[in-house]
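Structure file entry-v8.cif (mmCIF, C-alpha atoms) is printed below.
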```
data_run
#
loop_
_atom_site.group_PDB
_atom_site.id
_atom_site.type_symbol
_atom_site.label_atom_id
_atom_site.label_comp_id
_atom_site.auth_asym_id
_atom_site.auth_seq_id
_atom_site.Cartn_x
_atom_site.Cartn_y
_atom_site.Cartn_z
ATOM 1 C CA MET A 1 88.661 -27.749 -83.763
ATOM 2 C CA PRO A 2 85.002 -28.842 -83.732
ATOM 3 C CA LYS A 3 83.669 -31.236 -86.362
ATOM 4 C CA GLY A 4 80.137 -29.931 -86.145
ATOM 5 C CA ILE A 5 78.165 -26.773 -85.388
ATOM 6 C CA THR A 6 74.722 -26.748 -83.782
ATOM 7 C CA TYR A 7 72.087 -24.040 -84.226
ATOM 8 C CA PHE A 8 69.070 -23.830 -81.899
ATOM 9 C CA ASP A 9 65.665 -22.343 -82.696
ATOM 10 C CA HIS A 10 65.246 -21.541 -78.986
ATOM 11 C CA GLU A 11 61.666 -20.256 -79.209
ATOM 12 C CA LYS A 12 60.439 -23.693 -80.338
ATOM 13 C CA CYS A 13 62.271 -25.554 -77.534
ATOM 14 C CA LYS A 14 60.017 -27.207 -74.926
ATOM 15 C CA GLY A 15 62.879 -28.099 -72.587
ATOM 16 C CA CYS A 16 62.269 -31.856 -72.679
ATOM 17 C CA GLY A 17 65.983 -32.614 -72.328
ATOM 18 C CA LEU A 18 66.129 -35.483 -74.838
ATOM 19 C CA CYS A 19 68.975 -33.821 -76.790
ATOM 20 C CA VAL A 20 70.965 -33.433 -73.569
ATOM 21 C CA GLU A 21 70.468 -37.141 -72.781
ATOM 22 C CA TYR A 22 71.479 -38.447 -76.226
ATOM 23 C CA CYS A 23 74.549 -36.242 -76.846
ATOM 24 C CA PRO A 24 77.469 -38.734 -76.854
ATOM 25 C CA GLN A 25 79.923 -35.930 -75.995
ATOM 26 C CA ASN A 26 77.821 -34.653 -73.057
ATOM 27 C CA ILE A 27 78.244 -31.055 -74.154
ATOM 28 C CA LEU A 28 74.606 -29.952 -74.044
ATOM 29 C CA TYR A 29 72.950 -28.557 -70.918
ATOM 30 C CA GLN A 30 69.660 -26.994 -69.934
ATOM 31 C CA ASP A 31 70.274 -23.350 -69.136
ATOM 32 C CA LYS A 32 68.342 -22.958 -65.871
ATOM 33 C CA LYS A 33 68.730 -19.162 -65.976
ATOM 34 C CA THR A 34 67.266 -18.568 -69.444
ATOM 35 C CA LEU A 35 63.645 -19.058 -70.402
ATOM 36 C CA ASN A 36 62.106 -18.717 -73.845
ATOM 37 C CA GLU A 37 58.771 -16.980 -74.444
ATOM 38 C CA SER A 38 56.848 -20.161 -73.644
ATOM 39 C CA GLY A 39 58.606 -20.403 -70.283
ATOM 40 C CA TYR A 40 60.845 -23.385 -70.996
ATOM 41 C CA ASN A 41 64.531 -23.595 -70.042
ATOM 42 C CA ILE A 42 66.475 -23.488 -73.292
ATOM 43 C CA VAL A 43 69.359 -25.789 -74.199
ATOM 44 C CA SER A 44 72.882 -24.511 -74.818
ATOM 45 C CA VAL A 45 76.250 -25.997 -75.748
ATOM 46 C CA SER A 46 78.851 -25.951 -72.987
ATOM 47 C CA GLU A 47 81.889 -26.875 -75.066
ATOM 48 C CA PRO A 48 81.203 -26.239 -78.782
ATOM 49 C CA ASP A 49 84.730 -27.359 -79.704
ATOM 50 C CA LYS A 50 83.913 -30.934 -78.678
ATOM 51 C CA CYS A 51 80.945 -31.307 -81.082
ATOM 52 C CA ILE A 52 81.459 -34.242 -83.455
ATOM 53 C CA GLY A 53 78.509 -33.359 -85.711
ATOM 54 C CA CYS A 54 76.689 -36.688 -85.198
ATOM 55 C CA ALA A 55 73.299 -34.906 -85.118
ATOM 56 C CA PHE A 56 71.929 -37.315 -82.483
ATOM 57 C CA CYS A 57 70.574 -34.263 -80.618
ATOM 58 C CA ALA A 58 68.729 -33.063 -83.715
ATOM 59 C CA MET A 59 67.324 -36.511 -84.525
ATOM 60 C CA MET A 60 65.896 -36.991 -81.044
ATOM 61 C CA CYS A 61 64.416 -33.477 -80.804
ATOM 62 C CA PRO A 62 60.631 -33.844 -81.238
ATOM 63 C CA ASP A 63 60.220 -30.169 -82.111
ATOM 64 C CA SER A 64 62.896 -29.839 -84.818
ATOM 65 C CA VAL A 65 64.684 -27.160 -82.794
ATOM 66 C CA ILE A 66 68.229 -28.148 -83.751
ATOM 67 C CA LYS A 67 70.103 -27.764 -87.031
ATOM 68 C CA VAL A 68 73.518 -29.404 -87.355
ATOM 69 C CA GLU A 69 76.251 -28.534 -89.824
ATOM 70 C CA VAL A 70 79.377 -30.601 -90.375
ATOM 71 C CA ILE A 71 82.712 -28.907 -90.996
ATOM 72 C CA LYS A 72 84.557 -30.393 -93.956
ATOM 73 C CA MET B 73 85.948 -20.040 -92.044
ATOM 74 C CA ALA B 74 85.885 -23.712 -92.949
ATOM 75 C CA GLU B 75 83.350 -25.026 -95.410
ATOM 76 C CA THR B 76 80.288 -26.670 -93.878
ATOM 77 C CA THR B 77 77.504 -28.944 -95.069
ATOM 78 C CA VAL B 78 74.102 -29.340 -93.455
ATOM 79 C CA LYS B 79 73.901 -32.688 -91.694
ATOM 80 C CA TYR B 80 70.436 -32.272 -90.193
ATOM 81 C CA GLU B 81 67.764 -29.603 -90.321
ATOM 82 C CA LYS B 82 64.001 -29.417 -90.035
ATOM 83 C CA THR B 83 62.432 -31.356 -92.885
ATOM 84 C CA LYS B 84 60.467 -29.567 -95.600
ATOM 85 C CA GLY B 85 57.841 -32.264 -95.035
ATOM 86 C CA LEU B 86 56.606 -30.363 -91.963
ATOM 87 C CA THR B 87 55.120 -26.869 -91.772
ATOM 88 C CA ASP B 88 56.548 -24.086 -89.597
ATOM 89 C CA LYS B 89 53.649 -24.352 -87.148
ATOM 90 C CA PRO B 90 54.889 -25.288 -83.646
ATOM 91 C CA LEU B 91 53.718 -28.798 -82.694
ATOM 92 C CA SER B 92 50.874 -28.998 -80.184
ATOM 93 C CA TYR B 93 52.367 -32.010 -78.361
ATOM 94 C CA CYS B 94 53.653 -32.042 -74.779
ATOM 95 C CA PRO B 95 57.404 -31.640 -74.127
ATOM 96 C CA GLY B 96 59.329 -34.799 -74.993
ATOM 97 C CA CYS B 97 56.396 -36.535 -76.713
ATOM 98 C CA THR B 98 57.623 -38.861 -79.447
ATOM 99 C CA HIS B 99 54.759 -37.804 -81.743
ATOM 100 C CA GLY B 100 57.117 -35.010 -82.843
ATOM 101 C CA ILE B 101 59.823 -37.512 -83.750
ATOM 102 C CA VAL B 102 57.374 -39.667 -85.734
ATOM 103 C CA HIS B 103 56.093 -36.553 -87.552
ATOM 104 C CA LYS B 104 59.662 -35.767 -88.583
ATOM 105 C CA LEU B 105 60.169 -39.332 -89.828
ATOM 106 C CA VAL B 106 57.047 -39.184 -91.996
ATOM 107 C CA GLY B 107 58.021 -35.763 -93.372
ATOM 108 C CA GLU B 108 61.568 -36.892 -94.083
ATOM 109 C CA ALA B 109 60.390 -40.076 -95.806
ATOM 110 C CA LEU B 110 57.990 -38.118 -98.059
ATOM 111 C CA VAL B 111 60.749 -35.637 -98.987
ATOM 112 C CA ASP B 112 63.383 -38.339 -99.554
ATOM 113 C CA LEU B 113 61.087 -40.271 -101.897
ATOM 114 C CA ASP B 114 60.083 -37.019 -103.641
ATOM 115 C CA ILE B 115 56.363 -37.685 -103.116
ATOM 116 C CA LEU B 116 55.489 -34.767 -100.832
ATOM 117 C CA ASP B 117 53.457 -32.995 -103.542
ATOM 118 C CA LYS B 118 51.466 -36.183 -104.160
ATOM 119 C CA ALA B 119 50.915 -37.094 -100.505
ATOM 120 C CA ILE B 120 47.543 -36.888 -98.756
ATOM 121 C CA GLY B 121 47.467 -37.447 -95.009
ATOM 122 C CA VAL B 122 44.477 -38.502 -92.945
ATOM 123 C CA ALA B 123 44.590 -37.289 -89.355
ATOM 124 C CA SER B 124 42.936 -39.248 -86.564
ATOM 125 C CA VAL B 125 41.226 -38.214 -83.353
ATOM 126 C CA GLY B 126 43.320 -37.866 -80.214
ATOM 127 C CA CYS B 127 46.572 -36.004 -79.635
ATOM 128 C CA SER B 128 47.399 -36.285 -83.334
ATOM 129 C CA VAL B 129 44.115 -34.635 -84.379
ATOM 130 C CA PHE B 130 45.982 -31.518 -85.513
ATOM 131 C CA SER B 131 48.575 -33.433 -87.516
ATOM 132 C CA TYR B 132 46.931 -32.047 -90.676
ATOM 133 C CA GLU B 133 48.383 -28.681 -89.691
ATOM 134 C CA PHE B 134 51.897 -30.072 -89.289
ATOM 135 C CA PHE B 135 52.381 -32.245 -92.386
ATOM 136 C CA ASN B 136 53.333 -30.041 -95.317
ATOM 137 C CA CYS B 137 50.946 -31.777 -97.705
ATOM 138 C CA ASP B 138 47.221 -32.070 -98.312
ATOM 139 C CA ALA B 139 45.347 -33.639 -95.419
ATOM 140 C CA GLN B 140 41.924 -34.622 -94.154
ATOM 141 C CA GLN B 141 40.714 -35.206 -90.640
ATOM 142 C CA ALA B 142 38.696 -38.359 -90.051
ATOM 143 C CA PRO B 143 36.026 -39.041 -87.414
ATOM 144 C CA HIS B 144 37.224 -41.147 -84.487
ATOM 145 C CA GLY B 145 38.735 -44.378 -85.780
ATOM 146 C CA ARG B 146 37.623 -43.907 -89.356
ATOM 147 C CA ALA B 147 40.958 -42.848 -90.848
ATOM 148 C CA CYS B 148 41.472 -46.079 -92.820
ATOM 149 C CA ALA B 149 37.944 -45.878 -94.244
ATOM 150 C CA GLU B 150 38.491 -42.283 -95.283
ATOM 151 C CA ALA B 151 41.915 -43.102 -96.736
ATOM 152 C CA THR B 152 40.272 -45.909 -98.731
ATOM 153 C CA GLY B 153 37.893 -43.428 -100.350
ATOM 154 C CA ILE B 154 40.653 -40.933 -101.128
ATOM 155 C CA LYS B 155 42.954 -43.586 -102.587
ATOM 156 C CA ARG B 156 40.226 -45.085 -104.761
ATOM 157 C CA VAL B 157 39.317 -41.678 -106.206
ATOM 158 C CA LEU B 158 42.936 -40.528 -106.512
ATOM 159 C CA PRO B 159 44.927 -43.745 -107.092
ATOM 160 C CA ASP B 160 48.077 -41.906 -108.193
ATOM 161 C CA ASN B 161 48.408 -40.008 -104.929
ATOM 162 C CA ILE B 162 50.233 -41.347 -101.883
ATOM 163 C CA VAL B 163 47.683 -41.703 -99.083
ATOM 164 C CA PHE B 164 48.628 -42.290 -95.471
ATOM 165 C CA THR B 165 46.851 -42.233 -92.135
ATOM 166 C CA TYR B 166 48.468 -41.093 -88.901
ATOM 167 C CA GLN B 167 46.724 -42.725 -85.934
ATOM 168 C CA GLY B 168 47.290 -43.354 -82.263
ATOM 169 C CA ASP B 169 46.436 -46.543 -80.369
ATOM 170 C CA GLY B 170 43.211 -45.188 -78.895
ATOM 171 C CA ASP B 171 42.054 -44.407 -82.415
ATOM 172 C CA LEU B 172 43.362 -47.385 -84.401
ATOM 173 C CA ALA B 173 43.430 -50.222 -81.870
ATOM 174 C CA SER B 174 40.156 -49.389 -80.118
ATOM 175 C CA ILE B 175 37.310 -47.640 -81.907
ATOM 176 C CA GLY B 176 38.938 -47.904 -85.344
ATOM 177 C CA ILE B 177 39.946 -51.548 -85.258
ATOM 178 C CA ALA B 178 37.137 -52.671 -87.589
ATOM 179 C CA GLU B 179 38.007 -50.100 -90.260
ATOM 180 C CA THR B 180 41.694 -51.000 -89.993
ATOM 181 C CA ILE B 181 41.176 -54.760 -90.280
ATOM 182 C CA HIS B 182 38.808 -54.427 -93.227
ATOM 183 C CA ALA B 183 41.071 -51.947 -95.045
ATOM 184 C CA ALA B 184 43.926 -54.433 -94.577
ATOM 185 C CA ASN B 185 41.731 -57.318 -95.699
ATOM 186 C CA ARG B 186 40.730 -55.472 -98.862
ATOM 187 C CA GLY B 187 44.429 -54.870 -99.457
ATOM 188 C CA GLU B 188 43.857 -51.138 -99.811
ATOM 189 C CA ASN B 189 46.982 -49.553 -101.202
ATOM 190 C CA ILE B 190 47.444 -47.131 -98.294
ATOM 191 C CA THR B 191 50.083 -46.629 -95.601
ATOM 192 C CA VAL B 192 49.138 -46.529 -91.929
ATOM 193 C CA ILE B 193 51.432 -44.878 -89.394
ATOM 194 C CA PHE B 194 50.323 -46.328 -86.063
ATOM 195 C CA VAL B 195 51.702 -44.607 -82.968
ATOM 196 C CA ASN B 196 51.386 -46.965 -79.999
ATOM 197 C CA ASN B 197 52.057 -45.377 -76.608
ATOM 198 C CA ALA B 198 49.917 -47.766 -74.533
ATOM 199 C CA ILE B 199 47.555 -45.090 -73.237
ATOM 200 C CA TYR B 200 44.879 -42.576 -74.240
ATOM 201 C CA GLY B 201 46.801 -39.295 -74.309
ATOM 202 C CA MET B 202 44.524 -36.377 -75.103
ATOM 203 C CA THR B 203 41.522 -37.519 -73.078
ATOM 204 C CA GLY B 204 43.544 -37.748 -69.869
ATOM 205 C CA GLY B 205 45.515 -40.981 -69.596
ATOM 206 C CA GLN B 206 42.806 -43.656 -69.643
ATOM 207 C CA MET B 207 43.603 -47.326 -70.227
ATOM 208 C CA ALA B 208 43.928 -48.248 -73.903
ATOM 209 C CA PRO B 209 43.616 -51.731 -75.463
ATOM 210 C CA THR B 210 47.403 -51.595 -75.764
ATOM 211 C CA SER B 211 48.073 -50.730 -72.089
ATOM 212 C CA LEU B 212 50.472 -53.182 -70.463
ATOM 213 C CA LYS B 213 49.531 -55.704 -67.792
ATOM 214 C CA GLY B 214 49.689 -53.924 -64.447
ATOM 215 C CA GLN B 215 50.048 -50.484 -66.039
ATOM 216 C CA LYS B 216 48.519 -47.751 -63.910
ATOM 217 C CA THR B 217 46.216 -45.383 -65.785
ATOM 218 C CA THR B 218 43.371 -43.122 -64.674
ATOM 219 C CA THR B 219 40.883 -45.935 -65.397
ATOM 220 C CA SER B 220 43.050 -48.760 -64.013
ATOM 221 C CA GLN B 221 44.380 -47.211 -60.860
ATOM 222 C CA ASP B 222 45.592 -50.485 -59.360
ATOM 223 C CA GLY B 223 47.216 -51.464 -62.636
ATOM 224 C CA ARG B 224 45.597 -53.166 -65.644
ATOM 225 C CA ASP B 225 43.896 -56.375 -64.529
ATOM 226 C CA THR B 226 44.190 -58.685 -67.532
ATOM 227 C CA ASP B 227 41.580 -61.114 -66.131
ATOM 228 C CA TRP B 228 39.022 -58.335 -66.292
ATOM 229 C CA THR B 229 40.183 -56.266 -69.287
ATOM 230 C CA GLY B 230 42.158 -58.659 -71.485
ATOM 231 C CA ASN B 231 45.757 -58.493 -72.563
ATOM 232 C CA PRO B 232 47.471 -55.746 -74.590
ATOM 233 C CA ILE B 233 46.292 -56.097 -78.177
ATOM 234 C CA LYS B 234 49.054 -56.738 -80.703
ATOM 235 C CA ILE B 235 48.019 -55.043 -83.922
ATOM 236 C CA SER B 236 51.098 -55.854 -86.020
ATOM 237 C CA GLU B 237 50.991 -59.585 -85.237
ATOM 238 C CA MET B 238 47.243 -59.702 -85.869
ATOM 239 C CA LEU B 239 47.253 -57.866 -89.197
ATOM 240 C CA ALA B 240 50.276 -59.820 -90.456
ATOM 241 C CA THR B 241 48.005 -62.867 -90.871
ATOM 242 C CA ILE B 242 45.881 -61.039 -93.462
ATOM 243 C CA GLU B 243 46.428 -61.820 -97.151
ATOM 244 C CA GLY B 244 46.084 -58.261 -98.498
ATOM 245 C CA VAL B 245 48.833 -56.866 -96.289
ATOM 246 C CA ALA B 246 52.101 -56.097 -98.093
ATOM 247 C CA TYR B 247 54.327 -54.854 -95.324
ATOM 248 C CA ILE B 248 54.154 -54.569 -91.543
ATOM 249 C CA GLU B 249 57.003 -53.591 -89.268
ATOM 250 C CA ARG B 250 57.089 -52.547 -85.620
ATOM 251 C CA VAL B 251 59.721 -49.941 -84.879
ATOM 252 C CA SER B 252 60.652 -47.666 -82.001
ATOM 253 C CA VAL B 253 62.159 -44.199 -81.646
ATOM 254 C CA HIS B 254 63.819 -44.464 -78.237
ATOM 255 C CA ASP B 255 67.369 -43.750 -79.465
ATOM 256 C CA PRO B 256 69.114 -42.513 -82.644
ATOM 257 C CA LYS B 257 69.781 -46.065 -83.857
ATOM 258 C CA HIS B 258 66.097 -46.961 -83.715
ATOM 259 C CA TYR B 259 65.225 -43.567 -85.195
ATOM 260 C CA LEU B 260 67.193 -44.458 -88.333
ATOM 261 C CA LYS B 261 65.647 -47.950 -88.457
ATOM 262 C CA ALA B 262 62.167 -46.441 -88.165
ATOM 263 C CA LYS B 263 62.925 -44.013 -90.979
ATOM 264 C CA LYS B 264 63.997 -46.878 -93.213
ATOM 265 C CA ALA B 265 60.781 -48.769 -92.443
ATOM 266 C CA ILE B 266 58.517 -45.784 -93.152
ATOM 267 C CA LYS B 267 60.313 -45.111 -96.430
ATOM 268 C CA LYS B 268 59.902 -48.753 -97.403
ATOM 269 C CA ALA B 269 56.176 -48.611 -96.664
ATOM 270 C CA PHE B 270 55.717 -45.544 -98.887
ATOM 271 C CA GLN B 271 57.872 -47.180 -101.572
ATOM 272 C CA TYR B 272 55.589 -50.250 -101.502
ATOM 273 C CA GLN B 273 52.562 -48.002 -101.868
ATOM 274 C CA LYS B 274 54.211 -46.328 -104.861
ATOM 275 C CA GLU B 275 54.687 -49.783 -106.363
ATOM 276 C CA LYS B 276 51.006 -50.605 -105.643
ATOM 277 C CA LYS B 277 51.892 -53.615 -103.485
ATOM 278 C CA GLY B 278 49.013 -53.276 -101.026
ATOM 279 C CA PHE B 279 48.308 -52.341 -97.420
ATOM 280 C CA THR B 280 51.327 -51.217 -95.397
ATOM 281 C CA LEU B 281 51.448 -50.442 -91.677
ATOM 282 C CA ILE B 282 54.298 -49.183 -89.518
ATOM 283 C CA GLU B 283 53.684 -49.441 -85.778
ATOM 284 C CA VAL B 284 55.876 -47.022 -83.841
ATOM 285 C CA VAL B 285 56.266 -47.825 -80.146
ATOM 286 C CA SER B 286 56.150 -44.407 -78.492
ATOM 287 C CA THR B 287 56.070 -42.570 -75.192
ATOM 288 C CA CYS B 288 53.505 -40.434 -73.392
ATOM 289 C CA PRO B 289 55.609 -38.794 -70.654
ATOM 290 C CA VAL B 290 52.774 -36.694 -69.191
ATOM 291 C CA ASN B 291 50.193 -39.462 -68.808
ATOM 292 C CA TRP B 292 52.779 -42.047 -67.777
ATOM 293 C CA GLY B 293 53.842 -39.553 -65.090
ATOM 294 C CA MET B 294 57.497 -39.582 -66.098
ATOM 295 C CA LYS B 295 60.158 -37.201 -67.342
ATOM 296 C CA PRO B 296 60.735 -37.555 -71.112
ATOM 297 C CA VAL B 297 64.119 -39.241 -70.622
ATOM 298 C CA ASP B 298 62.681 -41.699 -68.053
ATOM 299 C CA ALA B 299 59.780 -42.412 -70.407
ATOM 300 C CA MET B 300 62.253 -43.409 -73.144
ATOM 301 C CA LYS B 301 63.913 -45.816 -70.673
ATOM 302 C CA TRP B 302 60.533 -47.251 -69.611
ATOM 303 C CA LEU B 303 59.648 -47.758 -73.277
ATOM 304 C CA SER B 304 62.759 -49.822 -73.978
ATOM 305 C CA LYS B 305 62.572 -51.759 -70.700
ATOM 306 C CA GLU B 306 58.833 -52.431 -70.363
ATOM 307 C CA MET B 307 57.107 -51.898 -73.697
ATOM 308 C CA ILE B 308 59.482 -53.546 -76.163
ATOM 309 C CA PRO B 309 59.333 -56.995 -74.429
ATOM 310 C CA VAL B 310 55.515 -56.883 -74.837
ATOM 311 C CA PHE B 311 55.633 -55.345 -78.323
ATOM 312 C CA PRO B 312 58.737 -56.934 -79.918
ATOM 313 C CA LEU B 313 60.266 -54.931 -82.758
ATOM 314 C CA GLY B 314 60.740 -56.372 -86.219
ATOM 315 C CA VAL B 315 59.208 -57.113 -89.607
ATOM 316 C CA TYR B 316 55.953 -59.053 -89.289
ATOM 317 C CA LYS B 317 55.128 -59.264 -92.959
ATOM 318 C CA ASP B 318 57.002 -58.367 -96.121
ATOM 319 C CA LYS B 319 55.655 -59.374 -99.510
ATOM 320 C CA GLY B 320 58.936 -58.195 -101.019
ATOM 321 C CA ASP B 321 59.616 -57.834 -104.710
ATOM 322 C CA ASN B 322 58.160 -61.196 -105.733
ATOM 323 C CA HIS B 323 54.779 -60.751 -104.012
ATOM 324 C CA GLU B 324 55.372 -63.708 -101.690
ATOM 325 C CA SER B 325 54.770 -63.464 -97.987
#
```

Would you kindly transcribe this structure into structure tokens?
Amino acid sequence: MPKGITYFDHEKCKGCGLCVEYCPQNILYQDKKTLNESGYNIVSVSEPDKCIGCAFCAMMCPDSVIKVEVIK
Amino acid sequence: MAETTVKYEKTKGLTDKPLSYCPGCTHGIVHKLVGEALVDLDILDKAIGVASVGCSVFSYEFFNCDAQQAPHGRACAEATGIKRVLPDNIVFTYQGDGDLASIGIAETIHAANRGENITVIFVNNAIYGMTGGQMAPTSLKGQKTTTSQDGRDTDWTGNPIKISEMLATIEGVAYIERVSVHDPKHYLKAKKAIKKAFQYQKEKKGFTLIEVVSTCPVNWGMKPVDAMKWLSKEMIPVFPLGVYKDKGDNHES
């Protein structure tokens, strides 16, 4: 059961990879097969069940791409 | 479906316009911090930003409040005028190191010396970003830039200028802190500092400045993640983090 849910506004993502680096659970990855309209590789969650809802990814995202919800 | 609460989402302090900064540039993170601080203190409708020249020239389009754009380096002078005419508004400038520490250093020092009740957000990434990676007054010793290709020679060009330390000696300054945004822990510390600066302005304590040590991945020639590591390893020893001046509640330094 995950503790958090992440939502990505993929079109605003610039593929910098900071969220991937700062995720303590290492469950984010850059999807090398999917590009957004600007031509950047978007970020996806590999194992959503492991999310702890810390929001480190969202804090470190310069472009406010990520929204995090915590499950009560 | 279990009940959920929002832990983090895009702040209302920023507009929906996509940021013009390069991928991984910490300008975006500092923008969020300013927006979040204005929303948390419930002063967004009273805030007036002053954008500088450089990468952050379009910041007036990103902050969800009134804003002006100042000529190169003149943000503190312009903020002075706005604050004196509209003393009940919260006035802040958002400046890079090429703008504040180089051409705008006179305006900044005199605004601080007059104790203008404004808040300065100073983004220090040790290089000129928009113009193509030239050496800035804040560039580190030995740092390679397009105008110091063998590394900055401090015998010829001086040492990196330390704005926070310098301004902390001035009487009219109420609060100065140097923060960083290279990991979530420092992100939260930086947010606290920016909120405190705006709070001091609300309480009419005087000039406040928050220096944010930042990255410029493109002009440093690094990936964003490597730039964050370089920041913590190379920049923070030269620009130590911490509070340089705090007049506090009792107006003592």

Can you write out as JSON lines which residues of chain B fall within 7 Å of chain A, alongside each residue's closest atom pair and its distance in Å to one decimal, counting only C-alpha atoms and ordering rows by chain and ascending residue number?
```
{"residue": "B:Ala74", "atom": "CA", "partner": "A:Ile71", "partner_atom": "CA", "distance": 6.4}
{"residue": "B:Glu75", "atom": "CA", "partner": "A:Lys72", "partner_atom": "CA", "distance": 5.7}
{"residue": "B:Thr76", "atom": "CA", "partner": "A:Ile71", "partner_atom": "CA", "distance": 4.4}
{"residue": "B:Thr77", "atom": "CA", "partner": "A:Val70", "partner_atom": "CA", "distance": 5.3}
{"residue": "B:Val78", "atom": "CA", "partner": "A:Glu69", "partner_atom": "CA", "distance": 4.3}
{"residue": "B:Lys79", "atom": "CA", "partner": "A:Glu69", "partner_atom": "CA", "distance": 5.1}
{"residue": "B:Tyr80", "atom": "CA", "partner": "A:Val68", "partner_atom": "CA", "distance": 5.1}
{"residue": "B:Glu81", "atom": "CA", "partner": "A:Lys67", "partner_atom": "CA", "distance": 4.4}
{"residue": "B:Lys82", "atom": "CA", "partner": "A:Ser64", "partner_atom": "CA", "distance": 5.3}
{"residue": "B:Pro90", "atom": "CA", "partner": "A:Lys12", "partner_atom": "CA", "distance": 6.7}
{"residue": "B:Leu91", "atom": "CA", "partner": "A:Asp63", "partner_atom": "CA", "distance": 6.7}
{"residue": "B:Pro95", "atom": "CA", "partner": "A:Cys16", "partner_atom": "CA", "distance": 5.1}
{"residue": "B:Gly96", "atom": "CA", "partner": "A:Cys16", "partner_atom": "CA", "distance": 4.8}
{"residue": "B:Cys97", "atom": "CA", "partner": "A:Pro62", "partner_atom": "CA", "distance": 6.8}
{"residue": "B:Thr98", "atom": "CA", "partner": "A:Pro62", "partner_atom": "CA", "distance": 6.1}
{"residue": "B:Gly100", "atom": "CA", "partner": "A:Pro62", "partner_atom": "CA", "distance": 4.0}
{"residue": "B:Ile101", "atom": "CA", "partner": "A:Pro62", "partner_atom": "CA", "distance": 4.5}
{"residue": "B:Pro256", "atom": "CA", "partner": "A:Phe56", "partner_atom": "CA", "distance": 5.9}
{"residue": "B:Pro296", "atom": "CA", "partner": "A:Cys16", "partner_atom": "CA", "distance": 6.1}
{"residue": "B:Val297", "atom": "CA", "partner": "A:Leu18", "partner_atom": "CA", "distance": 6.0}
```

field: the PyMOL selection byres ((chain B and resi 312) around 12) applied to the shown file, residues as number ranges by chain
entry: B: 234-237, 249-252, 283-285, 303-311, 313-316

- request: Enumerate, as an MDAnalysis selection string, the residues matched when the PyMOL selection byres ((chain B and resi 203) around 10) is run on the file above.
  value: chainID B and resid 126:127 170 199:202 204:206 291

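Atom CA of Ile175 of chain B sits 5.3 Å away from atom CA of Gly145 of chain B.
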
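Listed by chain and then by number, the residues chosen by the PyMOL selection byres ((chain A and resi 50) around 10) in this file are Met1, Pro2, Lys3, Gly4, Ile5, Gln25, Asn26, Ile27, Val45, Ser46, Glu47, Pro48, Asp49, Cys51, Ile52 and Gly53 of chain A.
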
Given the selection you just returned, output its residues as a file containing C-alpha atoms, formatted as a CSV table (one decimal), in the frame of the given file.
```csv
chain,number,residue,atom,x,y,z
A,1,MET,CA,88.7,-27.7,-83.8
A,2,PRO,CA,85.0,-28.8,-83.7
A,3,LYS,CA,83.7,-31.2,-86.4
A,4,GLY,CA,80.1,-29.9,-86.1
A,5,ILE,CA,78.2,-26.8,-85.4
A,25,GLN,CA,79.9,-35.9,-76.0
A,26,ASN,CA,77.8,-34.7,-73.1
A,27,ILE,CA,78.2,-31.1,-74.2
A,45,VAL,CA,76.2,-26.0,-75.7
A,46,SER,CA,78.9,-26.0,-73.0
A,47,GLU,CA,81.9,-26.9,-75.1
A,48,PRO,CA,81.2,-26.2,-78.8
A,49,ASP,CA,84.7,-27.4,-79.7
A,51,CYS,CA,80.9,-31.3,-81.1
A,52,ILE,CA,81.5,-34.2,-83.5
A,53,GLY,CA,78.5,-33.4,-85.7
```

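If you look at atom CA of Gly121 of chain B and atom CA of Pro143 of chain B, they are 13.8 Å away from each other.
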
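The smallest atom-to-atom distance between Ala142 of chain B and any of B:Val245, B:Ala299, B:Val129, B:Ile233, using only C-alpha atoms, is found for B:Val129.
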
Model the absent atoms of segment 48-56 of chain A so that N, CA and C atoms are present, and write the result as a PDB file, in the coordinates of the input.
```pdb
ATOM      1  N   PRO A  48      81.467 -26.059 -77.347  1.00  0.00           N
ATOM      2  CA  PRO A  48      81.203 -26.239 -78.782  1.00  0.00           C
ATOM      3  C   PRO A  48      82.361 -26.918 -79.519  1.00  0.00           C
ATOM      4  N   ASP A  49      83.570 -26.766 -79.031  1.00  0.00           N
ATOM      5  CA  ASP A  49      84.730 -27.359 -79.704  1.00  0.00           C
ATOM      6  C   ASP A  49      84.698 -28.886 -79.708  1.00  0.00           C
ATOM      7  N   LYS A  50      83.942 -29.466 -78.770  1.00  0.00           N
ATOM      8  CA  LYS A  50      83.913 -30.934 -78.678  1.00  0.00           C
ATOM      9  C   LYS A  50      82.857 -31.574 -79.577  1.00  0.00           C
ATOM     10  N   CYS A  51      82.027 -30.761 -80.251  1.00  0.00           N
ATOM     11  CA  CYS A  51      80.945 -31.307 -81.082  1.00  0.00           C
ATOM     12  C   CYS A  51      81.520 -32.131 -82.220  1.00  0.00           C
ATOM     13  N   ILE A  52      80.971 -33.367 -82.389  1.00  0.00           N
ATOM     14  CA  ILE A  52      81.459 -34.242 -83.455  1.00  0.00           C
ATOM     15  C   ILE A  52      80.507 -34.249 -84.653  1.00  0.00           C
ATOM     16  N   GLY A  53      79.426 -33.470 -84.569  1.00  0.00           N
ATOM     17  CA  GLY A  53      78.509 -33.359 -85.711  1.00  0.00           C
ATOM     18  C   GLY A  53      77.717 -34.616 -86.006  1.00  0.00           C
ATOM     19  N   CYS A  54      77.414 -35.431 -84.977  1.00  0.00           N
ATOM     20  CA  CYS A  54      76.689 -36.688 -85.198  1.00  0.00           C
ATOM     21  C   CYS A  54      75.208 -36.449 -85.434  1.00  0.00           C
ATOM     22  N   ALA A  55      74.710 -35.291 -84.961  1.00  0.00           N
ATOM     23  CA  ALA A  55      73.299 -34.906 -85.118  1.00  0.00           C
ATOM     24  C   ALA A  55      72.332 -35.772 -84.316  1.00  0.00           C
ATOM     25  N   PHE A  56      72.831 -36.527 -83.332  1.00  0.00           N
ATOM     26  CA  PHE A  56      71.929 -37.315 -82.483  1.00  0.00           C
ATOM     27  C   PHE A  56      70.937 -36.385 -81.766  1.00  0.00           C
TER      28      PHE A  56
END
```
